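Here's target_31.txt, which has compact mmCIF, C-alpha atoms:
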```txt
# COMPACT_ATOMS: atom_id res chain seq x y z
CA MET A 600 9.38 -22.57 -10.23
CA ASN A 601 10.37 -21.00 -13.54
CA GLU A 602 6.99 -19.72 -14.69
CA LEU A 603 8.44 -16.21 -15.09
CA ALA A 604 11.60 -17.32 -16.89
CA GLY A 605 12.46 -14.84 -19.63
CA TYR A 606 9.99 -12.25 -18.40
CA ARG A 607 10.89 -8.74 -17.24
CA ILE A 608 8.56 -7.62 -14.44
CA ALA A 609 8.44 -3.94 -13.48
CA LEU A 610 8.06 -3.20 -9.76
CA LEU A 611 7.11 0.17 -8.27
CA GLU A 612 7.52 -0.84 -4.62
CA THR A 613 9.91 1.11 -2.39
CA ARG A 614 9.93 -0.13 1.22
CA MET A 615 9.88 -3.84 0.39
CA ALA A 616 11.51 -3.63 -3.03
CA ASP A 617 14.18 -6.23 -2.25
CA GLU A 618 11.67 -8.74 -0.90
CA LEU A 619 9.41 -8.32 -3.93
CA ALA A 620 12.34 -8.55 -6.36
CA ASN A 621 13.49 -11.79 -4.71
CA LEU A 622 10.00 -13.24 -5.13
CA ILE A 623 10.16 -12.49 -8.86
CA ARG A 624 13.59 -14.14 -9.09
CA ARG A 625 12.28 -17.20 -7.24
CA TYR A 626 9.94 -17.78 -10.18
CA GLY A 627 12.75 -17.25 -12.68
CA GLY A 628 11.79 -13.72 -13.69
CA THR A 629 13.89 -10.58 -14.00
CA PRO A 630 12.72 -7.77 -11.71
CA VAL A 631 12.96 -4.22 -13.01
CA CYS A 632 12.83 -2.13 -9.83
CA VAL A 633 11.73 1.47 -10.27
CA PRO A 634 10.57 2.89 -6.91
CA VAL A 635 8.23 5.80 -7.52
CA LEU A 636 7.59 6.96 -3.95
CA HIS A 637 9.22 7.05 -0.56
CA GLU A 638 7.90 7.48 2.98
CA VAL A 639 8.81 10.71 4.76
CA PRO A 640 8.22 10.65 8.56
CA CYS A 641 6.47 13.82 9.69
CA VAL A 642 5.37 13.13 13.27
CA GLU A 643 6.36 15.75 15.82
CA ALA A 644 6.65 15.62 19.59
CA TRP A 645 3.64 17.89 20.16
CA GLN A 646 1.41 15.54 18.16
CA ILE A 647 2.25 12.62 20.41
CA GLY A 648 1.87 14.75 23.51
CA LYS A 649 -1.54 15.96 22.33
CA LEU A 650 -2.71 12.41 21.65
CA ILE A 651 -1.62 11.31 25.13
CA ASP A 652 -3.36 14.31 26.73
CA LEU A 653 -6.57 13.65 24.80
CA VAL A 654 -6.62 10.02 25.93
CA ARG A 655 -5.93 10.97 29.56
CA ALA A 656 -8.75 13.53 29.46
CA GLY A 657 -11.16 11.00 27.99
CA GLU A 658 -11.44 13.03 24.80
CA VAL A 659 -10.08 10.15 22.68
CA ARG A 660 -11.39 6.66 23.41
CA MET A 661 -10.54 4.89 20.15
CA VAL A 662 -7.40 4.79 18.01
CA ILE A 663 -7.48 3.47 14.43
CA PHE A 664 -4.22 2.16 12.98
CA SER A 665 -4.16 2.05 9.20
CA THR A 666 -0.69 0.56 8.67
CA GLY A 667 2.17 -1.16 10.45
CA VAL A 668 4.48 1.67 9.42
CA GLY A 669 2.25 4.17 11.20
CA ALA A 670 2.07 2.07 14.36
CA ARG A 671 5.85 1.61 14.39
CA LEU A 672 6.55 5.31 13.80
CA LEU A 673 4.18 6.31 16.61
CA LEU A 674 5.96 4.10 19.14
CA GLU A 675 9.45 4.95 17.88
CA SER A 676 8.74 8.68 17.89
CA ALA A 677 7.22 8.48 21.36
CA GLU A 678 10.39 6.82 22.62
CA GLN A 679 12.62 9.31 20.82
CA HIS A 680 10.83 12.26 22.43
CA GLY A 681 10.62 10.74 25.91
CA TYR A 682 6.95 9.79 25.74
CA ALA A 683 7.33 6.00 25.49
CA ALA A 684 5.81 5.01 28.84
CA ASP A 685 3.02 7.60 28.61
CA CYS A 686 2.17 6.62 25.04
CA LEU A 687 1.96 2.92 25.86
CA ALA A 688 -0.12 3.66 28.95
CA ALA A 689 -2.50 5.76 26.85
CA LEU A 690 -2.87 3.08 24.16
CA ARG A 691 -3.59 0.48 26.83
CA GLN A 692 -6.62 2.57 27.83
CA THR A 693 -8.09 2.95 24.35
CA ILE A 694 -10.08 0.82 21.94
CA ASN A 695 -7.45 0.01 19.32
CA ILE A 696 -8.70 -0.93 15.85
CA CYS A 697 -6.35 -2.20 13.13
CA ARG A 698 -7.01 -2.26 9.41
CA GLY A 699 -4.85 -5.36 8.90
CA PRO A 700 -2.25 -7.71 10.40
CA LYS A 701 0.79 -5.43 10.10
CA PRO A 702 -0.20 -2.90 12.80
CA VAL A 703 -1.41 -5.86 14.87
CA ALA A 704 2.10 -7.32 14.91
CA VAL A 705 3.64 -3.98 15.96
CA LEU A 706 1.15 -3.37 18.76
CA ARG A 707 1.27 -6.90 20.13
CA ARG A 708 5.06 -6.72 20.42
CA ALA A 709 4.57 -3.60 22.53
CA GLY A 710 1.91 -5.21 24.70
CA VAL A 711 -0.89 -2.99 23.41
CA PRO A 712 -4.33 -4.67 23.38
CA ILE A 713 -6.28 -4.80 20.12
CA ALA A 714 -10.06 -4.63 20.14
CA ALA A 715 -10.69 -5.58 16.51
CA VAL A 716 -9.02 -6.17 13.15
CA ALA A 717 -10.76 -5.58 9.83
CA PRO A 718 -11.17 -8.91 8.02
CA THR A 719 -9.42 -9.83 4.79
CA PRO A 720 -8.79 -8.24 2.34
CA HIS A 721 -8.27 -5.46 4.92
CA THR A 722 -9.51 -2.58 2.79
CA THR A 723 -11.27 0.59 3.92
CA ASP A 724 -14.63 -1.09 3.26
CA GLU A 725 -13.91 -3.89 5.76
CA LEU A 726 -12.59 -1.36 8.26
CA ILE A 727 -15.73 0.75 8.03
CA THR A 728 -17.90 -2.35 8.49
CA THR A 729 -15.85 -3.33 11.54
CA LEU A 730 -16.34 0.11 13.07
CA HIS A 731 -20.12 -0.28 12.88
CA ALA A 732 -19.86 -2.52 15.95
CA TRP A 733 -19.11 0.55 18.10
CA PRO A 734 -21.48 3.43 18.95
CA LEU A 735 -19.26 6.25 17.67
CA GLN A 736 -21.76 9.07 18.17
CA GLY A 737 -19.89 11.67 20.20
CA MET A 738 -16.86 9.42 20.71
CA GLY A 739 -13.38 10.85 20.29
CA VAL A 740 -11.51 8.85 17.65
CA ALA A 741 -7.85 9.25 16.70
CA LEU A 742 -7.16 8.20 13.11
CA LEU A 743 -3.56 7.40 12.18
CA HIS A 744 -3.39 7.93 8.42
CA TYR A 745 -1.32 5.82 6.02
CA GLY A 746 0.68 8.39 4.08
CA ALA A 747 -2.29 9.98 2.38
CA THR A 748 -5.72 11.20 3.43
CA ASN A 749 -8.40 8.50 3.48
CA LEU A 750 -11.47 10.60 2.67
CA GLU A 751 -13.78 7.58 2.51
CA LEU A 752 -12.90 6.58 6.07
CA ILE A 753 -13.08 10.18 7.32
CA ASN A 754 -16.56 10.60 5.84
CA ALA A 755 -17.73 7.31 7.33
CA LEU A 756 -16.50 8.31 10.80
CA HIS A 757 -18.19 11.70 10.54
CA THR A 758 -21.41 10.01 9.39
CA GLN A 759 -21.32 7.81 12.52
CA GLY A 760 -20.95 10.94 14.62
CA ALA A 761 -17.34 10.48 15.74
CA ARG A 762 -15.27 13.44 16.93
CA LEU A 763 -12.16 12.97 14.84
CA TYR A 764 -8.52 13.69 15.64
CA GLU A 765 -6.33 12.99 12.61
CA LEU A 766 -2.64 12.19 12.86
CA TRP A 767 -0.20 11.93 9.96
CA LEU A 768 2.94 10.05 10.96
CA TYR A 769 4.41 9.89 7.46
CA ARG A 770 3.66 11.11 3.97
CA TRP A 771 4.31 9.54 0.61
CA GLN A 772 6.48 11.74 -1.58
CA PRO A 773 7.66 11.21 -5.18
CA VAL A 774 11.28 10.15 -5.54
CA ALA A 775 13.65 13.06 -6.06
CA ASP A 776 14.87 11.80 -9.45
CA GLU A 777 11.97 11.07 -11.76
CA GLY A 778 14.30 10.01 -14.59
CA PRO A 779 13.99 6.25 -13.89
CA VAL A 780 10.18 6.53 -13.75
CA ARG A 781 10.12 8.28 -17.12
CA GLN A 782 12.44 5.60 -18.50
CA LEU A 783 10.04 2.95 -17.22
CA VAL A 784 7.10 4.61 -18.99
CA THR A 785 9.14 4.62 -22.21
CA ALA A 786 10.12 0.96 -21.72
CA LEU A 787 6.50 -0.07 -21.13
CA LEU A 788 5.39 1.65 -24.32
CA ALA A 789 8.30 0.15 -26.28
CA GLY A 790 7.44 -3.43 -25.30
CA GLN A 791 10.55 -3.85 -23.18
CA ILE A 792 8.58 -4.85 -20.07
CA ASP A 793 6.40 -7.95 -19.90
CA ALA A 794 4.27 -7.20 -16.83
CA LEU A 795 3.79 -4.56 -14.14
CA ALA A 796 3.20 -5.32 -10.45
CA CYS A 797 1.52 -2.65 -8.30
CA THR A 798 1.39 -2.78 -4.50
CA SER A 799 -0.40 0.48 -3.66
CA GLN A 800 -2.93 2.84 -5.17
CA VAL A 801 -0.54 5.77 -4.79
CA GLN A 802 1.99 4.06 -7.08
CA VAL A 803 -0.64 3.81 -9.79
CA ARG A 804 -1.53 7.50 -9.55
CA TYR A 805 2.09 8.67 -9.65
CA LEU A 806 3.00 6.45 -12.60
CA LEU A 807 0.05 7.79 -14.59
CA ASP A 808 0.80 11.37 -13.51
CA THR A 809 4.32 10.93 -14.87
CA ALA A 810 2.96 9.55 -18.14
CA HIS A 811 0.54 12.48 -18.33
CA ALA A 812 3.43 14.93 -17.92
CA MET A 813 5.16 13.11 -20.78
CA GLY A 814 2.03 13.40 -22.94
CA CYS A 815 1.53 9.63 -23.22
CA ASP A 816 -0.90 8.66 -20.46
CA ALA A 817 -3.55 7.48 -22.95
CA ALA A 818 -0.98 5.32 -24.73
CA LEU A 819 0.21 3.89 -21.41
CA ILE A 820 -3.32 3.01 -20.32
CA GLU A 821 -3.87 1.26 -23.65
CA THR A 822 -0.61 -0.66 -23.22
CA LEU A 823 -1.49 -1.75 -19.67
CA ASN A 824 -4.88 -2.97 -20.88
CA GLY A 825 -3.30 -5.01 -23.65
CA ARG A 826 0.30 -5.98 -24.25
CA VAL A 827 1.54 -5.51 -20.67
CA PRO A 828 -0.64 -7.18 -18.01
CA VAL A 829 -0.88 -5.55 -14.60
CA ALA A 830 -0.94 -7.37 -11.27
CA ALA A 831 -2.62 -5.62 -8.32
CA VAL A 832 -1.76 -6.76 -4.80
CA GLY A 833 -5.33 -6.32 -3.57
CA PRO A 834 -8.74 -4.76 -4.14
CA THR A 835 -7.74 -1.23 -3.09
CA CYS A 836 -4.94 -1.17 -5.64
CA ALA A 837 -7.20 -2.81 -8.22
CA ALA A 838 -9.87 -0.16 -7.63
CA ALA A 839 -7.32 2.60 -8.27
CA LEU A 840 -6.31 0.92 -11.52
CA ARG A 841 -9.93 0.59 -12.65
CA ALA A 842 -10.62 4.22 -11.74
CA ALA A 843 -7.76 5.13 -14.08
CA GLY A 844 -9.21 3.00 -16.87
CA ILE A 845 -6.92 -0.02 -16.40
CA GLU A 846 -8.31 -3.49 -15.79
CA PRO A 847 -5.85 -5.56 -13.72
CA ALA A 848 -5.13 -8.95 -15.25
CA VAL A 849 -4.07 -10.49 -11.94
CA MET A 850 -5.22 -10.07 -8.34
CA PRO A 851 -4.56 -12.69 -5.65
CA THR A 852 -7.23 -14.07 -3.34
CA HIS A 853 -5.43 -12.58 -0.36
CA PRO A 854 -3.68 -9.17 -0.57
CA LYS A 855 -0.12 -10.34 0.00
CA MET A 856 2.94 -9.79 -2.18
CA GLY A 857 3.88 -13.47 -2.23
CA GLN A 858 0.43 -14.48 -3.42
CA MET A 859 0.41 -11.69 -6.00
CA VAL A 860 3.70 -12.91 -7.50
CA GLN A 861 2.48 -16.50 -7.48
CA ALA A 862 -0.74 -15.49 -9.25
CA LEU A 863 1.23 -13.44 -11.77
CA ALA A 864 3.58 -16.37 -12.41
CA HIS A 865 0.66 -18.69 -13.10
CA TYR A 866 -0.96 -16.10 -15.38
CA MET A 867 2.19 -15.45 -17.40
CA ASP A 868 2.90 -19.17 -17.74
CA ALA A 869 -0.65 -19.79 -18.95
CA GLN A 870 -0.29 -16.97 -21.48
CA ARG A 871 2.95 -18.49 -22.74
CA LEU A 872 1.38 -21.93 -23.15
CA ALA A 873 -1.62 -20.46 -24.97
CA ALA A 874 0.51 -18.46 -27.42
CA PRO A 875 1.05 -19.73 -30.99
CA PRO A 876 4.27 -21.75 -31.44
CA GLU A 877 6.10 -18.87 -33.13
CA GLU A 878 5.35 -16.68 -30.10
CA ASN A 879 5.85 -19.36 -27.49
CA SER A 880 9.49 -18.49 -26.97
CA HIS A 881 10.55 -15.51 -24.94
CA GLU A 882 14.03 -15.35 -26.38
CA HIS A 883 13.31 -11.84 -27.63
CA ASN A 884 13.55 -10.58 -24.06
CA SER A 885 17.23 -11.50 -23.78
CA ALA A 886 17.93 -9.39 -26.83
CA ARG A 887 16.28 -6.30 -25.42
```
Rewrite the structure from the file as structure tokens, please.
Amino acid sequence: MNELAGYRIALLETRMADELANLIRRYGGTPVCVPVLHEVPCVEAWQIGKLIDLVRAGEVRMVIFSTGVGARLLLESAEQHGYAADCLAALRQTINICRGPKPVAVLRRAGVPIAAVAPTPHTTDELITTLHAWPLQGMGVALLHYGATNLELINALHTQGARLYELWLYRWQPVADEGPVRQLVTALLAGQIDALACTSQVQVRYLLDTAHAMGCDAALIETLNGRVPVAAVGPTCAAALRAAGIEPAVMPTHPKMGQMVQALAHYMDAQRLAAPPEENSHEHNSAR
């Protein structure tokens, strides 16, 4: 598996940066890791206590889990603040809906029943469709956000008549030192990076915001539509790229990092084979 041999692949991932970098290496590529964001826990004891009280009072009957990180932080914070048993008891009384398999794994380990999981590719669209199976008019619904505000989901829940209680367990914040991100923008424009892999829509926005601050966002968009192909892990990330004027060259059938890297490897190898003989060697990368 050397389809990425000689290629430098830029990665913006933070939490699973090592896993993603190892996938790139498995295909012979060189990962260039430049995390652009980090997760900052922000859940407080009173938030957990309020959620428990709302469930006990019958004011919240459904809980929506957007991410595995959110589910894990809820349970860990409940334990830290002495609410573990009460929190688990509350969740065992509610209709628990998961956007994808990651919160499912967290909840199942804790013995929390799951009423439904949005089907692949586990985007907001599938989640909204899944929620149509429940009569939400007048129902209290707790929404655990995923680091940012999901306005599309909020609007859909309001349209269905749900009484919404929103809970932010963590926020995405830019990394403290933006120097490496600026260096990445410069490297992309200079042809020193062969492909870019994106695993969340927030990464896309922050990278382009950085380029805008540098006065080269238009040039970066042009580069990412031409010389440097972009891989998107799934349709949500791809939609953010398209909204910014960037057409992703690669998107896997299923929104998983391993499948994204595999699809990128096949794409890059096909591009190499299709290149004219004088361009069919990537020796220039080793000289960069």
For the atom pair CA of Ser799 in chain A and CA of Cys836 in chain A, what is the interatomic distance in Å to one decimal place?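 Going from CA of Ser799 in chain A over to CA of Cys836 in chain A, I get 5.2 Å.
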Could you name the residues that touch Arg671 in chain A at 10 Å or less, counting all atoms listed in the file, but leaving out those on the same chain fewer than 6 positions away, as JSON, numbers by chain? {"A": [677, 701, 702, 704, 705, 706, 709, 768]}
Just the number, please: distance in Å from CA of Val635 in chain A to CA of Ala812 in chain A, one decimal.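 Computing it gives 14.6 Å between the two atoms.
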Could you tell me how far CA of Glu638 in chain A lies from CA of Arg770 in chain A, in Å and to one decimal? 5.7 Å
From the list A:Tyr626, A:Trp733, A:Tyr866, A:Phe664, which residue is nearest Gln759 in chain A when using only C-alpha atoms?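 For Gln759 in chain A, the nearest of the given residues is A:Trp733.
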Excluding same-chain residues fewer than 5 positions from range 607-613 of chain A, what lies within 9 Å of it counting all atoms listed in the file, as an mmCIF file with C-alpha atoms, keeping the file's coordinate frame?
```
data_model
loop_
_atom_site.group_PDB
_atom_site.id
_atom_site.type_symbol
_atom_site.label_atom_id
_atom_site.label_comp_id
_atom_site.auth_asym_id
_atom_site.auth_seq_id
_atom_site.Cartn_x
_atom_site.Cartn_y
_atom_site.Cartn_z
ATOM 1 C CA LEU A 619 9.410 -8.320 -3.930
ATOM 2 C CA ALA A 620 12.340 -8.550 -6.360
ATOM 3 C CA ILE A 623 10.160 -12.490 -8.860
ATOM 4 C CA GLY A 628 11.790 -13.720 -13.690
ATOM 5 C CA THR A 629 13.890 -10.580 -14.000
ATOM 6 C CA PRO A 630 12.720 -7.770 -11.710
ATOM 7 C CA VAL A 631 12.960 -4.220 -13.010
ATOM 8 C CA CYS A 632 12.830 -2.130 -9.830
ATOM 9 C CA VAL A 633 11.730 1.470 -10.270
ATOM 10 C CA PRO A 634 10.570 2.890 -6.910
ATOM 11 C CA VAL A 635 8.230 5.800 -7.520
ATOM 12 C CA LEU A 636 7.590 6.960 -3.950
ATOM 13 C CA HIS A 637 9.220 7.050 -0.560
ATOM 14 C CA GLU A 638 7.900 7.480 2.980
ATOM 15 C CA VAL A 780 10.180 6.530 -13.750
ATOM 16 C CA LEU A 783 10.040 2.950 -17.220
ATOM 17 C CA LEU A 787 6.500 -0.070 -21.130
ATOM 18 C CA GLN A 791 10.550 -3.850 -23.180
ATOM 19 C CA ILE A 792 8.580 -4.850 -20.070
ATOM 20 C CA ASP A 793 6.400 -7.950 -19.900
ATOM 21 C CA ALA A 794 4.270 -7.200 -16.830
ATOM 22 C CA LEU A 795 3.790 -4.560 -14.140
ATOM 23 C CA ALA A 796 3.200 -5.320 -10.450
ATOM 24 C CA CYS A 797 1.520 -2.650 -8.300
ATOM 25 C CA THR A 798 1.390 -2.780 -4.500
ATOM 26 C CA SER A 799 -0.400 0.480 -3.660
ATOM 27 C CA GLN A 802 1.990 4.060 -7.080
ATOM 28 C CA VAL A 803 -0.640 3.810 -9.790
ATOM 29 C CA LEU A 806 3.000 6.450 -12.600
ATOM 30 C CA ASN A 884 13.550 -10.580 -24.060
#
```
Would you list the residues near (-12.5, 12.2, 24.1) (no more than 10 Å away, in the coordinates of the file, using all atoms listed in the file) as a list in words?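 It turns out the residues near that spot are Asp652, Leu653, Val654, Arg655, Ala656, Gly657, Glu658, Val659, Arg660, Met661, Gly737, Met738, Gly739, Val740, Ala741, Ala761, Arg762, Leu763 and Tyr764 of chain A.
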Would you mind listing what lies within 9 Å of Glu643 in chain A as a PDB file with C-alpha atoms, in the frame of the given file, with all atoms listed in the file counted and same-chain residues fewer than 4 positions away left out?
```pdb
ATOM      1  CA  ILE A 647       2.250  12.620  20.410  1.00  0.00           C
ATOM      2  CA  GLY A 648       1.870  14.750  23.510  1.00  0.00           C
ATOM      3  CA  SER A 676       8.740   8.680  17.890  1.00  0.00           C
ATOM      4  CA  HIS A 680      10.830  12.260  22.430  1.00  0.00           C
ATOM      5  CA  LEU A 768       2.940  10.050  10.960  1.00  0.00           C
TER       6      LEU A 768
END
```
List as a PyMOL selection string the protein and nucleic acid residues near Glu821 in chain A, meaning an atom at most 10 Å away when all atoms listed in the file are counted, but skip any in the same chain fewer than 6 places from it. chain A and resi 788+815+827+844-845
Nearest to Thr809 in chain A: which of A:Thr719, A:Gln782, A:Asn824, A:Asn749 is it, counting only C-alpha atoms?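 Smallest distance to Thr809 in chain A is found for A:Gln782.
Closest approach to Ala717 in chain A among A:Gln870, A:Thr729, A:Gln692, A:Thr748 is made by A:Thr729 (distances from all atoms listed in the file).
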Could you list, as a PyMOL selection string, every residue within 10 Å of Gly857 in chain A, counting all atoms listed in the file and ignoring same-chain residues fewer than 4 positions away? chain A and resi 618-619+622-623+832+851+853+861-863
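For the set A:Cys697, A:Leu750, A:Val639, A:Met813, the residue with the smallest atom-to-atom gap to Gly667 in chain A is A:Cys697, counting only C-alpha atoms.
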Go through A:Ala644, A:Ala715, A:Ala831, A:Leu840 and flag the residue nearest Thr852 in chain A, using all atoms listed in the file for the distances.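 Among the listed residues, the smallest separation from Thr852 in chain A belongs to A:Ala831.
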